[in-house]
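Next comes query-v3.cif, a file with mmCIF, C-alpha atoms.
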data_protein
loop_
_atom_site.label_atom_id
_atom_site.label_comp_id
_atom_site.auth_asym_id
_atom_site.auth_seq_id
_atom_site.Cartn_x
_atom_site.Cartn_y
_atom_site.Cartn_z
CA MET A 1 -47.26 28.25 85.39
CA THR A 2 -45.31 30.94 87.27
CA ARG A 3 -43.82 32.12 83.99
CA ALA A 4 -47.27 32.40 82.42
CA LEU A 5 -48.65 34.36 85.38
CA LEU A 6 -45.67 36.74 85.49
CA ALA A 7 -46.04 37.30 81.75
CA LEU A 8 -49.74 38.06 82.28
CA ILE A 9 -49.03 40.55 85.09
CA SER A 10 -46.35 42.36 83.09
CA ARG A 11 -48.60 42.45 80.01
CA ASP A 12 -51.46 43.97 82.00
CA LEU A 13 -49.12 46.55 83.56
CA LYS A 14 -47.87 47.48 80.07
CA LEU A 15 -51.44 47.80 78.82
CA ALA A 16 -52.36 49.96 81.81
CA THR A 17 -49.61 52.46 81.04
CA ARG A 18 -50.24 52.67 77.28
CA ILE A 19 -52.85 54.70 75.42
CA GLY A 20 -56.37 53.98 76.68
CA GLY A 21 -54.98 51.98 79.60
CA GLY A 22 -56.57 54.02 82.37
CA PHE A 23 -53.52 53.95 84.63
CA SER A 24 -53.90 57.59 85.76
CA LEU A 25 -57.70 57.69 85.49
CA GLY A 26 -58.47 56.51 89.03
CA ILE A 27 -55.93 58.80 90.66
CA VAL A 28 -57.16 61.88 88.77
CA PHE A 29 -60.74 61.04 89.76
CA TYR A 30 -59.57 60.64 93.37
CA LEU A 31 -57.87 64.05 93.27
CA ALA A 32 -60.95 65.67 91.76
CA LEU A 33 -63.22 64.20 94.42
CA VAL A 34 -61.02 65.35 97.33
CA ALA A 35 -60.44 68.76 95.73
CA ILE A 36 -64.11 69.64 95.27
CA LEU A 37 -65.12 68.61 98.78
CA PRO A 38 -63.98 71.84 100.53
CA PHE A 39 -66.03 73.84 98.03
CA ALA A 40 -69.11 71.88 99.06
CA VAL A 41 -68.70 71.86 102.86
CA GLY A 42 -67.05 75.27 103.22
CA PRO A 43 -63.59 76.29 104.48
CA ASP A 44 -64.09 74.97 108.02
CA LEU A 45 -60.76 73.28 108.74
CA ASN A 46 -62.00 71.50 111.88
CA LEU A 47 -64.92 69.97 110.04
CA LEU A 48 -62.73 68.99 107.08
CA SER A 49 -60.15 67.34 109.29
CA ARG A 50 -62.89 65.49 111.18
CA ILE A 51 -64.53 64.03 108.07
CA GLY A 52 -61.20 63.80 106.15
CA PRO A 53 -60.38 60.11 106.74
CA ALA A 54 -63.89 59.07 105.72
CA VAL A 55 -63.63 61.19 102.56
CA LEU A 56 -60.26 59.68 101.68
CA TRP A 57 -61.73 56.21 102.07
CA ILE A 58 -64.92 56.89 100.09
CA GLY A 59 -62.78 58.49 97.39
CA ALA A 60 -60.52 55.44 97.26
CA LEU A 61 -63.53 53.14 97.03
CA LEU A 62 -65.10 55.08 94.15
CA ALA A 63 -61.74 55.48 92.38
CA THR A 64 -61.27 51.70 92.57
CA LEU A 65 -64.53 51.24 90.69
CA ILE A 66 -63.17 53.34 87.81
CA GLY A 67 -61.62 51.08 85.23
CA LEU A 68 -62.66 47.91 87.01
CA ASP A 69 -65.32 47.21 84.36
CA ARG A 70 -62.58 46.68 81.76
CA LEU A 71 -60.67 44.19 83.93
CA PHE A 72 -62.00 41.13 82.08
CA GLN A 73 -64.21 42.75 79.44
CA ALA A 74 -61.33 43.84 77.20
CA ASP A 75 -59.90 40.31 77.13
CA GLU A 76 -63.34 38.80 76.69
CA GLU A 77 -64.06 40.96 73.64
CA ASP A 78 -60.90 40.27 71.69
CA GLY A 79 -60.56 36.58 72.54
CA ALA A 80 -57.52 36.92 74.82
CA LEU A 81 -59.55 35.33 77.62
CA ASP A 82 -60.07 32.22 75.46
CA LEU A 83 -56.32 32.09 74.95
CA MET A 84 -55.80 32.26 78.72
CA ARG A 85 -58.36 29.53 79.33
CA MET A 86 -56.46 27.26 76.94
CA SER A 87 -53.13 27.86 78.66
CA GLY A 88 -53.54 25.10 81.22
CA VAL A 89 -53.18 27.64 84.05
CA PRO A 90 -56.16 27.43 86.44
CA LEU A 91 -58.64 30.23 85.79
CA GLU A 92 -58.54 31.14 89.50
CA ALA A 93 -54.83 31.93 89.19
CA ILE A 94 -55.48 33.98 86.07
CA VAL A 95 -58.18 36.01 87.82
CA ALA A 96 -55.82 36.54 90.77
CA ALA A 97 -52.92 37.59 88.50
CA LYS A 98 -55.08 40.04 86.56
CA SER A 99 -56.40 41.50 89.84
CA VAL A 100 -52.86 41.85 91.19
CA ALA A 101 -51.83 43.72 88.03
CA HIS A 102 -54.90 45.93 88.31
CA TRP A 103 -54.10 46.64 91.95
CA LEU A 104 -50.47 47.53 91.15
CA ALA A 105 -51.59 49.89 88.39
CA SER A 106 -54.58 51.53 90.08
CA GLY A 107 -54.98 50.46 93.72
CA LEU A 108 -51.49 50.98 95.11
CA PRO A 109 -51.14 54.50 93.59
CA LEU A 110 -54.30 55.49 95.50
CA ALA A 111 -52.73 54.41 98.81
CA VAL A 112 -49.53 56.30 97.95
CA ALA A 113 -51.38 59.46 96.93
CA ALA A 114 -53.82 59.47 99.86
CA PRO A 115 -51.48 61.26 102.32
CA LEU A 116 -50.86 64.04 99.77
CA PHE A 117 -54.57 64.50 99.18
CA GLY A 118 -55.15 64.30 102.94
CA LEU A 119 -53.01 67.43 103.36
CA MET A 120 -55.70 69.36 101.50
CA LEU A 121 -58.21 68.27 104.13
CA GLY A 122 -56.09 69.31 107.11
CA ILE A 123 -55.67 65.83 108.57
CA GLU A 124 -52.96 65.40 111.23
CA PRO A 125 -49.64 63.97 109.91
CA VAL A 126 -49.83 60.79 111.98
CA ALA A 127 -53.35 60.12 110.70
CA LEU A 128 -52.13 60.69 107.14
CA LEU A 129 -49.67 57.87 107.67
CA GLY A 130 -52.45 55.74 109.17
CA THR A 131 -54.65 56.36 106.12
CA ALA A 132 -51.90 55.35 103.71
CA VAL A 133 -51.10 52.20 105.71
CA SER A 134 -54.78 51.22 105.98
CA LEU A 135 -55.31 51.78 102.26
CA VAL A 136 -52.70 49.16 101.29
CA PRO A 137 -54.73 46.14 102.48
CA GLY A 138 -57.86 48.22 101.87
CA THR A 139 -57.28 48.64 98.14
CA ILE A 140 -56.32 44.97 97.83
CA ALA A 141 -59.66 44.02 99.41
CA LEU A 142 -61.54 46.51 97.21
CA THR A 143 -59.84 45.33 93.99
CA PHE A 144 -60.45 41.62 94.58
CA THR A 145 -64.05 42.21 95.67
CA GLY A 146 -64.53 44.31 92.55
CA ALA A 147 -63.06 41.49 90.44
CA ILE A 148 -66.19 39.46 91.24
CA GLY A 149 -68.39 42.15 89.70
CA ALA A 150 -65.98 42.60 86.79
CA ALA A 151 -66.17 38.88 86.01
CA LEU A 152 -69.98 38.84 86.26
CA THR A 153 -70.33 41.78 83.86
CA ALA A 154 -67.48 40.76 81.51
CA SER A 155 -69.72 40.01 78.55
CA LEU A 156 -72.05 43.01 79.01
CA ARG A 157 -71.62 46.25 77.14
CA ARG A 158 -71.82 49.22 79.51
CA GLY A 159 -71.55 46.87 82.47
CA GLY A 160 -69.83 49.47 84.65
CA MET A 161 -72.95 50.77 86.37
CA LEU A 162 -74.25 47.28 87.05
CA LEU A 163 -70.83 46.36 88.41
CA SER A 164 -70.96 49.21 90.92
CA ILE A 165 -74.43 48.21 92.11
CA LEU A 166 -73.28 44.60 92.52
CA VAL A 167 -70.07 45.20 94.43
CA VAL A 168 -70.63 48.35 96.50
CA PRO A 169 -72.71 46.46 99.12
CA LEU A 170 -69.90 43.90 99.38
CA MET A 171 -67.43 46.72 99.97
CA VAL A 172 -69.25 48.14 103.02
CA PRO A 173 -67.39 46.00 105.61
CA ILE A 174 -64.07 47.03 104.05
CA LEU A 175 -65.11 50.68 104.31
CA ILE A 176 -66.17 50.30 107.96
CA PHE A 177 -62.91 48.69 109.08
CA GLY A 178 -60.86 50.96 106.85
CA VAL A 179 -62.25 54.15 108.35
CA ALA A 180 -62.02 52.62 111.83
CA THR A 181 -58.32 51.93 111.23
CA THR A 182 -57.74 55.48 110.06
CA GLU A 183 -59.65 56.97 112.99
CA ALA A 184 -57.64 54.82 115.40
CA SER A 185 -54.40 56.24 114.04
CA ARG A 186 -55.33 59.80 115.08
CA PRO A 187 -53.84 61.29 118.24
CA GLY A 188 -55.84 59.94 121.19
CA GLY A 189 -57.38 57.17 119.08
CA VAL A 190 -58.02 53.68 120.42
CA SER A 191 -56.02 50.58 119.43
CA PHE A 192 -54.77 50.75 115.81
CA THR A 193 -53.89 47.08 115.65
CA LEU A 194 -57.35 45.62 116.10
CA PRO A 195 -59.20 47.26 113.18
CA PHE A 196 -56.05 47.00 111.05
CA LEU A 197 -55.89 43.24 111.59
CA ALA A 198 -59.59 42.93 110.80
CA LEU A 199 -59.01 44.92 107.59
CA THR A 200 -56.07 42.68 106.65
CA ALA A 201 -58.21 39.61 107.29
CA LEU A 202 -60.87 41.05 104.99
CA ALA A 203 -58.20 41.61 102.33
CA LEU A 204 -57.02 37.99 102.58
CA ALA A 205 -60.59 36.70 102.44
CA ALA A 206 -61.27 38.92 99.41
CA VAL A 207 -58.20 37.55 97.60
CA VAL A 208 -59.45 33.98 98.02
CA ALA A 209 -63.15 34.68 97.41
CA GLY A 210 -62.52 37.12 94.54
CA SER A 211 -60.30 34.65 92.66
CA ALA A 212 -62.63 31.69 93.14
CA VAL A 213 -65.95 33.46 92.51
CA GLY A 214 -64.49 35.51 89.64
CA ALA A 215 -63.26 32.34 87.92
CA ALA A 216 -66.64 30.64 88.42
CA ALA A 217 -68.41 33.67 86.92
CA LEU A 218 -66.10 33.66 83.88
CA ARG A 219 -66.68 29.95 83.34
CA ALA A 220 -70.45 30.41 83.47
CA ARG A 221 -70.52 32.92 80.60
CA PRO A 222 -72.85 31.88 77.77
CA MET B 1 -52.38 10.73 68.85
CA ARG B 2 -56.05 10.62 68.03
CA LEU B 3 -58.95 13.04 68.42
CA ILE B 4 -62.20 11.23 69.10
CA VAL B 5 -65.52 13.05 68.93
CA SER B 6 -68.48 10.97 69.95
CA GLU B 7 -72.19 11.75 69.79
CA LEU B 8 -71.57 15.46 70.28
CA ALA B 9 -74.57 17.78 70.46
CA CYS B 10 -74.47 21.53 70.80
CA GLU B 11 -77.09 24.05 71.81
CA ARG B 12 -76.79 27.82 71.40
CA GLY B 13 -79.49 30.20 72.55
CA GLY B 14 -82.05 27.45 73.08
CA ARG B 15 -81.59 25.99 69.59
CA VAL B 16 -79.88 22.66 68.93
CA LEU B 17 -77.27 23.34 66.26
CA PHE B 18 -76.16 19.78 65.68
CA SER B 19 -76.43 16.44 67.41
CA GLY B 20 -75.01 12.97 67.03
CA MET B 21 -71.75 14.37 65.66
CA SER B 22 -69.08 11.66 65.64
CA PHE B 23 -65.74 11.54 63.89
CA THR B 24 -62.11 10.63 64.51
CA VAL B 25 -58.97 12.43 63.44
CA GLU B 26 -55.66 10.56 63.60
CA SER B 27 -52.13 11.93 63.81
CA GLY B 28 -51.15 13.41 60.47
CA GLU B 29 -54.77 13.84 59.39
CA ALA B 30 -56.90 16.91 58.84
CA ALA B 31 -60.67 17.37 59.00
CA LEU B 32 -62.49 20.17 57.22
CA LEU B 33 -65.73 21.38 58.73
CA THR B 34 -68.05 22.74 56.09
CA GLY B 35 -71.60 23.94 56.21
CA PRO B 36 -73.72 27.05 55.85
CA ASN B 37 -73.31 30.13 58.06
CA GLY B 38 -74.70 29.55 61.54
CA ALA B 39 -74.50 25.76 61.24
CA GLY B 40 -72.26 25.51 64.31
CA LYS B 41 -68.74 25.22 62.90
CA THR B 42 -67.29 27.79 65.29
CA SER B 43 -69.26 26.30 68.19
CA LEU B 44 -67.83 22.86 67.42
CA LEU B 45 -64.30 24.31 67.43
CA SER B 46 -65.04 26.05 70.75
CA ILE B 47 -66.20 22.75 72.22
CA LEU B 48 -63.02 21.04 71.00
CA ALA B 49 -60.99 23.87 72.56
CA GLY B 50 -62.75 23.29 75.88
CA LEU B 51 -64.31 26.76 75.91
CA LEU B 52 -67.90 25.66 75.45
CA LYS B 53 -69.74 22.81 77.15
CA PRO B 54 -71.52 20.42 74.77
CA LEU B 55 -75.19 19.60 75.36
CA SER B 56 -74.23 15.92 75.32
CA GLY B 57 -71.46 13.70 74.07
CA ALA B 58 -67.75 14.27 74.45
CA ALA B 59 -64.54 15.06 72.64
CA ARG B 60 -61.25 13.64 73.84
CA LEU B 61 -57.67 13.39 72.79
CA GLU B 62 -55.82 10.09 73.21
CA ASP B 63 -52.11 9.52 73.01
CA GLU B 64 -51.08 5.84 72.98
CA GLY B 65 -54.25 4.85 74.78
CA GLU B 66 -53.94 7.55 77.44
CA GLU B 67 -56.36 10.44 77.54
CA ILE B 68 -54.74 13.89 77.58
CA GLU B 69 -56.23 17.30 78.32
CA LEU B 70 -57.64 18.62 75.05
CA SER B 71 -57.56 22.36 75.68
CA GLU B 72 -53.90 22.28 76.74
CA GLU B 73 -52.84 20.53 73.54
CA ALA B 74 -54.79 22.69 71.12
CA HIS B 75 -54.31 26.01 69.36
CA LEU B 76 -57.46 27.90 68.43
CA ILE B 77 -57.16 30.59 65.78
CA GLY B 78 -60.51 32.29 65.31
CA HIS B 79 -62.11 35.58 64.43
CA ARG B 80 -61.29 37.03 67.81
CA ASP B 81 -57.54 36.85 67.63
CA GLY B 82 -56.64 37.90 71.19
CA LEU B 83 -54.07 40.41 69.92
CA LYS B 84 -53.83 43.68 71.84
CA SER B 85 -53.74 46.71 69.56
CA GLN B 86 -51.72 48.75 72.05
CA LEU B 87 -48.93 46.17 72.30
CA LEU B 88 -46.16 45.58 69.78
CA VAL B 89 -46.37 42.47 67.62
CA SER B 90 -43.30 41.11 69.41
CA GLU B 91 -44.91 41.72 72.82
CA ASN B 92 -48.11 39.99 71.75
CA LEU B 93 -46.25 36.95 70.48
CA SER B 94 -43.89 36.59 73.42
CA PHE B 95 -46.88 36.86 75.77
CA SER B 96 -48.66 34.06 73.88
CA GLN B 97 -45.51 31.99 74.07
CA ALA B 98 -45.09 32.47 77.83
CA LEU B 99 -48.79 31.82 78.42
CA LEU B 100 -49.16 28.72 76.24
CA GLY B 101 -45.88 27.04 77.23
CA SER B 102 -43.88 24.49 75.22
CA PRO B 103 -42.01 27.23 73.33
CA SER B 104 -40.98 26.44 69.79
CA LEU B 105 -39.80 29.12 67.34
CA SER B 106 -38.88 32.63 68.51
CA SER B 107 -41.34 35.42 67.64
CA LYS B 108 -38.93 36.67 64.99
CA ALA B 109 -38.47 33.30 63.34
CA ALA B 110 -42.21 32.62 63.38
CA LEU B 111 -42.90 35.95 61.68
CA ALA B 112 -40.12 35.30 59.16
CA THR B 113 -41.86 32.05 58.22
CA LEU B 114 -45.01 34.04 57.54
CA GLU B 115 -43.00 36.68 55.61
CA LEU B 116 -43.92 39.34 58.13
CA GLU B 117 -40.61 40.01 59.87
CA HIS B 118 -40.81 43.76 59.23
CA VAL B 119 -43.79 44.30 61.54
CA LEU B 120 -42.09 42.81 64.62
CA HIS B 121 -41.71 46.20 66.33
CA LEU B 122 -44.97 47.77 65.22
CA PRO B 123 -48.01 48.10 67.48
CA CYS B 124 -50.75 45.70 66.35
CA ALA B 125 -53.06 48.69 65.83
CA TYR B 126 -51.11 49.58 62.65
CA LEU B 127 -51.59 46.21 60.97
CA SER B 128 -54.00 45.48 58.13
CA ALA B 129 -56.62 42.74 58.57
CA GLY B 130 -54.52 40.25 56.62
CA GLN B 131 -51.33 41.08 58.51
CA ARG B 132 -53.19 40.77 61.79
CA ARG B 133 -54.45 37.35 60.80
CA ARG B 134 -50.91 36.29 59.90
CA VAL B 135 -49.63 37.48 63.30
CA ALA B 136 -52.37 35.38 64.92
CA LEU B 137 -51.26 32.42 62.79
CA ALA B 138 -47.67 32.99 63.98
CA ARG B 139 -48.93 31.83 67.38
CA LEU B 140 -49.16 28.32 65.91
CA LEU B 141 -45.40 28.41 65.52
CA VAL B 142 -44.22 30.08 68.75
CA ALA B 143 -45.78 27.38 70.96
CA ARG B 144 -45.81 23.71 70.03
CA ARG B 145 -49.24 22.11 70.29
CA PRO B 146 -50.31 19.04 68.31
CA LEU B 147 -53.93 19.96 67.57
CA TRP B 148 -54.65 23.02 65.44
CA LEU B 149 -58.23 24.30 65.50
CA LEU B 150 -58.54 26.83 62.69
CA ASP B 151 -61.65 28.91 62.13
CA GLU B 152 -61.67 30.33 58.60
CA PRO B 153 -57.87 30.47 58.55
CA THR B 154 -57.73 31.94 55.05
CA ALA B 155 -60.02 34.89 55.85
CA ALA B 156 -58.37 38.18 54.77
CA LEU B 157 -55.25 36.40 53.47
CA ASP B 158 -53.81 37.14 50.02
CA SER B 159 -52.86 34.29 47.71
CA ALA B 160 -49.17 34.32 48.67
CA SER B 161 -50.06 34.04 52.37
CA ARG B 162 -52.51 31.24 51.59
CA ALA B 163 -49.70 29.31 49.94
CA VAL B 164 -47.53 29.82 53.04
CA LEU B 165 -50.39 28.65 55.28
CA THR B 166 -50.92 25.56 53.10
CA LYS B 167 -47.24 24.73 53.46
CA LEU B 168 -47.35 25.25 57.25
CA MET B 169 -50.35 22.95 57.56
CA GLY B 170 -48.64 20.35 55.36
CA ASP B 171 -45.49 20.47 57.54
CA HIS B 172 -47.59 20.20 60.70
CA LEU B 173 -49.42 17.12 59.39
CA ALA B 174 -46.16 15.56 58.21
CA ALA B 175 -44.80 16.00 61.74
CA GLY B 176 -47.74 14.04 63.13
CA GLY B 177 -49.99 16.97 64.02
CA LEU B 178 -53.77 17.12 63.76
CA ILE B 179 -55.85 19.86 62.14
CA VAL B 180 -59.55 20.61 62.38
CA ALA B 181 -60.46 23.59 60.21
CA ALA B 182 -63.77 25.29 59.55
CA THR B 183 -63.72 26.73 56.07
CA HIS B 184 -65.69 27.71 53.01
CA GLU B 185 -62.76 27.33 50.66
CA PRO B 186 -60.43 24.45 49.82
CA LEU B 187 -57.28 24.69 51.93
CA GLY B 188 -55.01 22.73 49.60
CA ILE B 189 -54.34 19.90 52.05
CA GLY B 190 -55.68 16.37 51.89
CA ALA B 191 -58.51 16.25 54.38
CA ALA B 192 -61.70 14.45 55.24
CA GLU B 193 -64.75 16.68 54.88
CA ILE B 194 -67.26 16.83 57.71
CA ARG B 195 -70.46 18.57 56.86
CA ILE B 196 -72.47 20.31 59.58
CA GLY B 197 -76.09 21.31 59.16
CA GLY B 198 -78.01 21.54 55.89
CA VAL B 199 -78.89 18.39 53.99
#

Would you write out, as structure tokens, the structure that this file holds?
Amino acid sequence: MTRALLALISRDLKLATRIGGGFSLGIVFYLALVAILPFAVGPDLNLLSRIGPAVLWIGALLATLIGLDRLFQADEEDGALDLMRMSGVPLEAIVAAKSVAHWLASGLPLAVAAPLFGLMLGIEPVALLGTAVSLVPGTIALTFTGAIGAALTASLRRGGMLLSILVVPLMVPILIFGVATTEASRPGGVSFTLPFLALTALALAAVVAGSAVGAAALRARP
Amino acid sequence: MRLIVSELACERGGRVLFSGMSFTVESGEAALLTGPNGAGKTSLLSILAGLLKPLSGAARLEDEGEEIELSEEAHLIGHRDGLKSQLLVSENLSFSQALLGSPSLSSKAALATLELEHVLHLPCAYLSAGQRRRVALARLLVARRPLWLLDEPTAALDSASRAVLTKLMGDHLAAGGLIVAATHEPLGIGAAEIRIGGV
């Protein structure tokens, strides 16, 4: 079973980096979102640095949604999902493996790029580090929560919009604790550990719930 | 090994496609599903593969009196071949092998059997419909599974490839395998015909 799951993860990573894979799509969207913000709010560095962590988090959330609609849809369309269901590997493990691959290809790069993008918003260096650290469990939680929506809309054409409507409400707690973690990492902030632990707990819960609910949704397809 | 289908009924989109379907396929035997378009041949194969729930009845696989998990012992080759256009043929086949377990032939040897060795390092996007179908059929050889569920296996194949497929099916049956194939054309193997739908 481990061999099958590793093969699945490496296949999905290969697909993500090839033509039409959407590996760089989320990160470019993220950059665009952060880059246009100063044009909208004006060149007030204090204001930018105050709202910066929230912007980085909203950007990460929206960038996660990009490409999530194809997570199961591509395999559903060409029959690869049927192949996976006949492999004898539990569908929950398959959903988890596909989500892990998606996170490695599109979630983790967001966390790595966030400090760079944060520079453009004038956020303090220590808070930049805090943002990057909080986005690691944060993007895991966002990806697995999104997997639920991706599984529900797998057999719909143009399911991306519906997916966003379905999962964005579920992502609100992640956003709240994520921004709280980032705020706490600023100079003079309150305890960093507490919101960070809550965020990590949310990530763990999302891994379990996302895998189980995603698999149930895929099984229930007509 | 024996495939037992008893009193199977299938509903798609609120319409009962077939009901009371019963038949048995023994080791070394093949069954041909025939019937008009939309009669439920593909749905029956999906039920046998464990991908679709029947309305009633059951299909099971028995080996020496013990029931074994059907979907883990079956290959399904259908219209949706599960091949990724962006990946090389070799990558597609080695992924299938790792996923399905019980590895048999290497990707290269399986393609050689289907006279398609030269496409091993091509992306699947460059293949013709017939070549693509043959790559999908190569999956039968890279992982060993006793029950072959084939949905229109000869679609898009030229006559030389059909002859190769007939030989592969013959070898599989001789080795004690089971085949259930939905088809509109004779496959060139001795098989019991099961008619779905119509009169």

Inset, instruction - Could you tell me which residues the PyMOL selection byres ((chain A and resi 22) around 10) grabs in this file, written as a ChimeraX atom specification? - result: /A:15-21,23-27,66-68,70,105-106

Those residues you just picked out, can you put them in a file as a compact mmCIF listing (two decimals), in the coordinates of the input with C-alpha atoms?
# COMPACT_ATOMS: atom_id res chain seq x y z
CA LEU A 15 -51.44 47.80 78.82
CA ALA A 16 -52.36 49.96 81.81
CA THR A 17 -49.61 52.46 81.04
CA ARG A 18 -50.24 52.67 77.28
CA ILE A 19 -52.85 54.70 75.42
CA GLY A 20 -56.37 53.98 76.68
CA GLY A 21 -54.98 51.98 79.60
CA PHE A 23 -53.52 53.95 84.63
CA SER A 24 -53.90 57.59 85.76
CA LEU A 25 -57.70 57.69 85.49
CA GLY A 26 -58.47 56.51 89.03
CA ILE A 27 -55.93 58.80 90.66
CA ILE A 66 -63.17 53.34 87.81
CA GLY A 67 -61.62 51.08 85.23
CA LEU A 68 -62.66 47.91 87.01
CA ARG A 70 -62.58 46.68 81.76
CA ALA A 105 -51.59 49.89 88.39
CA SER A 106 -54.58 51.53 90.08

Inset, instruction - Given the file shown, determine the residues that the PyMOL selection byres ((chain A) within 7 of (chain B)) selects; report them as a PyMOL selection string. - result: chain A and resi 3-4+7+15+18-19+78-80+82-83+86-88

Inset, instruction - Identify all residues satisfying the PyMOL selection byres ((chain A and resi 164) around 12) in the given file; provide them as a VMD selection string. - result: chain A and resid 61 to 69 142 145 to 150 152 to 153 158 to 163 165 to 171

Could you put an axis-aligned box around every listed atom of range 82-85 of chain B, padded by 3 Å on each side, and send me its centre and edge lengths in Å to one decimal, as lines of an AutoDock Vina configuration file?
center_x = -55.2
center_y = 42.3
center_z = 70.7
size_x = 8.9
size_y = 14.8
size_z = 8.3

Legend entry - Selection near range 105-112 of chain B, 8 Å with all atoms listed in the file, sequence-local residues under 2 positions removed, as a PyMOL selection string: chain B and resi 90+93-94+103+114-117+120+135+138-139+141-143

Inset, instruction - Figure out the distance between CA of Leu61 in chain B and CA of Leu81 in chain A, please, to one decimal in Å. - result: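 Between CA of Leu81 in chain A and CA of Leu61 in chain B the gap is 22.5 Å.
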
Inset, instruction - Neighbourhood query: residues within 7 Å of (-54.5, 47.8, 94.9), file coordinates, counting all atoms listed in the file; return as a list in words. - result: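 Those within range, by chain then number, are His102, Trp103, Leu104, Ser106, Gly107, Leu108, Val136, Thr139, Ile140 and Thr143 of chain A.
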
Inset, instruction - Give me, please, the distance in Å between CA of Ser102 in chain B and CA of Ala215 in chain A, quoted to one decimal. - result: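 Between CA of Ser102 in chain B and CA of Ala215 in chain A the gap works out to 24.5 Å.
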
Inset, instruction - Excluding range 181-191 of chain B and residues on its chain fewer than 3 positions from it, collect all residues at most 8 Å away from it, counting all atoms listed in the file, and give them as a VMD selection string. - result: chain B and resid 29 to 35 41 to 42 45 148 to 154 166 169 to 170

Legend entry - Length of the CA of Leu122 in chain B to CA of Asp158 in chain B vector [Å]: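 Distance between the two atoms: 20.5 Å.
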
Legend entry - Counting all atoms listed in the file, the option among A:Gln73, A:Ser185, A:Ala132, A:Phe117 closest to Leu218 in chain A: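 Nearest to Leu218 in chain A: A:Gln73.
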
Inset, instruction - Would you mind telling me which residue in B:Leu8, B:Arg15, B:Ala39, B:Glu26 lies nearest to Ala59 in chain B when using only C-alpha atoms? - result: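 Residue with the minimum atom-to-atom distance to Ala59 in chain B: B:Leu8.
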